[in-house]
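Visitor: Sharing a structure below in structure tokens format, with a few things to ask.
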Amino acid sequence: TDAQRTLREISFLCVFAGHPHIVQLLNVHEAANPQDLYLVFEFLQQDLDRLIKAQRLRDSERRFVLYQILSGVAYMH
């Protein structure tokens, strides 16, 4: 099931490439063993999970993060 999920994520990220609010998949590398893959993503300054858990966002920043999430979901839809 992990292989299926990984392949699905790779294919989705290739289809959604180019949107400013969706992380970009830059490359896929095979590992030395045939069971692993390395996915190379663009560098992002913040991790959304850490940002939310830190709870140090001002109200305007929360609205902007929500806007970015909804913009990405609307593009995928």
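Labels used: A, B, ... for chains in the order of the structure tokens, numbers from 1 for residues in each chain, and numbers from 1 for ligands as shown.
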Within 12 Å of Asp36 in chain A, counting only C-alpha atoms, which residues qualify if same-chain residues fewer than 5 places away don't, as a PDB file with C-alpha atoms, in the first residue's frame?

Guide:
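Heads up, here's the output in out.pdb:
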ATOM      1  CA  ASP A   2       2.922   2.404   0.613  1.00  0.00           C
ATOM      2  CA  ALA A   3       4.071   1.977  -2.983  1.00  0.00           C
ATOM      3  CA  THR A   6       3.703   7.066  -3.190  1.00  0.00           C
ATOM      4  CA  LEU A   7       2.953   6.541  -6.866  1.00  0.00           C
ATOM      5  CA  VAL A  28      12.569  11.453  -7.995  1.00  0.00           C
ATOM      6  CA  HIS A  29      15.708   9.413  -7.308  1.00  0.00           C
ATOM      7  CA  GLU A  30      16.014   5.664  -6.928  1.00  0.00           C
ATOM      8  CA  ALA A  31      17.842   4.422  -3.870  1.00  0.00           C
TER       9      ALA A  31
END

Visitor: From a backbone DSSP assignment, name each residue in chain A labelled helix (DSSP H, G or I), as a ChimeraX atom specification.

Guide: /A:2-15,48-54,59-76

Visitor: Take the residues that were just selected and, keeping N, CA and C atoms, output them as an mmCIF file, in the first residue's frame.

Guide:
data_model
loop_
_atom_site.group_PDB
_atom_site.id
_atom_site.type_symbol
_atom_site.label_atom_id
_atom_site.label_comp_id
_atom_site.auth_asym_id
_atom_site.auth_seq_id
_atom_site.Cartn_x
_atom_site.Cartn_y
_atom_site.Cartn_z
ATOM 1 N N ASP A 2 2.043 1.227 0.623
ATOM 2 C CA ASP A 2 2.922 2.404 0.613
ATOM 3 C C ASP A 2 3.351 2.747 -0.806
ATOM 4 N N ALA A 3 3.653 1.733 -1.602
ATOM 5 C CA ALA A 3 4.071 1.977 -2.983
ATOM 6 C C ALA A 3 2.929 2.608 -3.784
ATOM 7 N N GLN A 4 1.726 2.148 -3.572
ATOM 8 C CA GLN A 4 0.580 2.721 -4.275
ATOM 9 C C GLN A 4 0.361 4.181 -3.875
ATOM 10 N N ARG A 5 0.466 4.463 -2.605
ATOM 11 C CA ARG A 5 0.282 5.840 -2.127
ATOM 12 C C ARG A 5 1.372 6.755 -2.671
ATOM 13 N N THR A 6 2.591 6.263 -2.675
ATOM 14 C CA THR A 6 3.703 7.066 -3.190
ATOM 15 C C THR A 6 3.527 7.353 -4.672
ATOM 16 N N LEU A 7 3.175 6.342 -5.436
ATOM 17 C CA LEU A 7 2.953 6.541 -6.866
ATOM 18 C C LEU A 7 1.803 7.507 -7.120
ATOM 19 N N ARG A 8 0.746 7.397 -6.341
ATOM 20 C CA ARG A 8 -0.398 8.311 -6.479
ATOM 21 C C ARG A 8 0.020 9.743 -6.149
ATOM 22 N N GLU A 9 0.803 9.917 -5.089
ATOM 23 C CA GLU A 9 1.253 11.256 -4.718
ATOM 24 C C GLU A 9 2.154 11.847 -5.798
ATOM 25 N N ILE A 10 3.052 11.046 -6.345
ATOM 26 C CA ILE A 10 3.930 11.523 -7.418
ATOM 27 C C ILE A 10 3.108 11.947 -8.631
ATOM 28 N N SER A 11 2.139 11.129 -9.012
ATOM 29 C CA SER A 11 1.337 11.469 -10.189
ATOM 30 C C SER A 11 0.497 12.728 -9.940
ATOM 31 N N PHE A 12 -0.068 12.888 -8.743
ATOM 32 C CA PHE A 12 -0.836 14.094 -8.424
ATOM 33 C C PHE A 12 0.055 15.332 -8.452
ATOM 34 N N LEU A 13 1.240 15.226 -7.863
ATOM 35 C CA LEU A 13 2.134 16.372 -7.823
ATOM 36 C C LEU A 13 2.611 16.765 -9.216
ATOM 37 N N CYS A 14 2.746 15.806 -10.112
ATOM 38 C CA CYS A 14 3.109 16.129 -11.503
ATOM 39 C C CYS A 14 1.959 16.856 -12.198
ATOM 40 N N VAL A 15 0.736 16.433 -11.944
ATOM 41 C CA VAL A 15 -0.428 17.077 -12.560
ATOM 42 C C VAL A 15 -0.616 18.485 -12.022
ATOM 43 N N LEU A 48 4.100 23.545 7.699
ATOM 44 C CA LEU A 48 2.750 23.938 8.109
ATOM 45 C C LEU A 48 2.367 23.307 9.447
ATOM 46 N N ASP A 49 2.751 22.067 9.669
ATOM 47 C CA ASP A 49 2.425 21.395 10.932
ATOM 48 C C ASP A 49 3.066 22.128 12.112
ATOM 49 N N ARG A 50 4.333 22.462 11.994
ATOM 50 C CA ARG A 50 5.011 23.189 13.084
ATOM 51 C C ARG A 50 4.440 24.585 13.270
ATOM 52 N N LEU A 51 4.101 25.215 12.154
ATOM 53 C CA LEU A 51 3.533 26.556 12.221
ATOM 54 C C LEU A 51 2.214 26.556 12.981
ATOM 55 N N ILE A 52 1.368 25.589 12.707
ATOM 56 C CA ILE A 52 0.072 25.506 13.385
ATOM 57 C C ILE A 52 0.250 25.145 14.853
ATOM 58 N N LYS A 53 1.142 24.187 15.140
ATOM 59 C CA LYS A 53 1.338 23.769 16.533
ATOM 60 C C LYS A 53 2.000 24.848 17.379
ATOM 61 N N ALA A 54 2.798 25.709 16.776
ATOM 62 C CA ALA A 54 3.445 26.774 17.534
ATOM 63 C C ALA A 54 2.426 27.797 18.021
ATOM 64 N N ASP A 59 -3.792 37.025 13.619
ATOM 65 C CA ASP A 59 -5.039 36.747 12.921
ATOM 66 C C ASP A 59 -4.890 36.916 11.411
ATOM 67 N N SER A 60 -4.179 37.936 10.982
ATOM 68 C CA SER A 60 -3.977 38.157 9.545
ATOM 69 C C SER A 60 -3.156 37.026 8.925
ATOM 70 N N GLU A 61 -2.186 36.497 9.660
ATOM 71 C CA GLU A 61 -1.381 35.385 9.157
ATOM 72 C C GLU A 61 -2.214 34.105 9.062
ATOM 73 N N ARG A 62 -3.081 33.896 10.031
ATOM 74 C CA ARG A 62 -3.978 32.729 9.977
ATOM 75 C C ARG A 62 -4.877 32.798 8.747
ATOM 76 N N ARG A 63 -5.410 33.981 8.473
ATOM 77 C CA ARG A 63 -6.258 34.142 7.294
ATOM 78 C C ARG A 63 -5.485 33.875 6.005
ATOM 79 N N PHE A 64 -4.240 34.319 5.945
ATOM 80 C CA PHE A 64 -3.441 34.112 4.735
ATOM 81 C C PHE A 64 -3.113 32.631 4.543
ATOM 82 N N VAL A 65 -2.779 31.921 5.622
ATOM 83 C CA VAL A 65 -2.518 30.482 5.530
ATOM 84 C C VAL A 65 -3.778 29.756 5.071
ATOM 85 N N LEU A 66 -4.912 30.120 5.625
ATOM 86 C CA LEU A 66 -6.170 29.510 5.213
ATOM 87 C C LEU A 66 -6.454 29.805 3.744
ATOM 88 N N TYR A 67 -6.187 31.035 3.311
ATOM 89 C CA TYR A 67 -6.365 31.382 1.895
ATOM 90 C C TYR A 67 -5.494 30.506 0.999
ATOM 91 N N GLN A 68 -4.230 30.301 1.387
ATOM 92 C CA GLN A 68 -3.325 29.476 0.589
ATOM 93 C C GLN A 68 -3.817 28.030 0.505
ATOM 94 N N ILE A 69 -4.284 27.493 1.617
ATOM 95 C CA ILE A 69 -4.797 26.121 1.635
ATOM 96 C C ILE A 69 -6.021 26.005 0.739
ATOM 97 N N LEU A 70 -6.971 26.917 0.889
ATOM 98 C CA LEU A 70 -8.188 26.862 0.087
ATOM 99 C C LEU A 70 -7.910 27.105 -1.394
ATOM 100 N N SER A 71 -6.936 27.949 -1.697
ATOM 101 C CA SER A 71 -6.558 28.179 -3.086
ATOM 102 C C SER A 71 -5.996 26.904 -3.718
ATOM 103 N N GLY A 72 -5.149 26.201 -2.982
ATOM 104 C CA GLY A 72 -4.591 24.939 -3.478
ATOM 105 C C GLY A 72 -5.665 23.880 -3.664
ATOM 106 N N VAL A 73 -6.584 23.782 -2.716
ATOM 107 C CA VAL A 73 -7.666 22.792 -2.818
ATOM 108 C C VAL A 73 -8.590 23.132 -3.981
ATOM 109 N N ALA A 74 -8.899 24.404 -4.177
ATOM 110 C CA ALA A 74 -9.746 24.808 -5.301
ATOM 111 C C ALA A 74 -9.072 24.473 -6.628
ATOM 112 N N TYR A 75 -7.769 24.656 -6.722
ATOM 113 C CA TYR A 75 -7.034 24.305 -7.947
ATOM 114 C C TYR A 75 -7.091 22.800 -8.206
ATOM 115 N N MET A 76 -6.964 22.008 -7.150
ATOM 116 C CA MET A 76 -7.019 20.550 -7.322
ATOM 117 C C MET A 76 -8.413 20.094 -7.724
#

Visitor: List the spatial neighbours of Leu25 in chain A as a list in words - criterion: any atom at most 7 Å away, only C-alpha atoms, same-chain residues fewer than 6 positions off excluded.

Guide: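 The neighbour list is Leu13, Val40, Phe41 and Glu42 of chain A.
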
Visitor: Which value, in Å to one decimal, gives the distance between CA of Gln24 in chain A and CA of Leu39 in chain A?

Guide: 10.4 Å

Visitor: Quick one: distance from CA of Phe43 in chain A to CA of Val23 in chain A in Å, one decimal?

Guide: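 Going from CA of Phe43 in chain A over to CA of Val23 in chain A, I get 8.9 Å.
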
Visitor: What is the CA of His77 in chain A to CA of Tyr38 in chain A distance in Å?

Guide: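 Atom-to-atom, CA of His77 in chain A to CA of Tyr38 in chain A, that is 27.3 Å.
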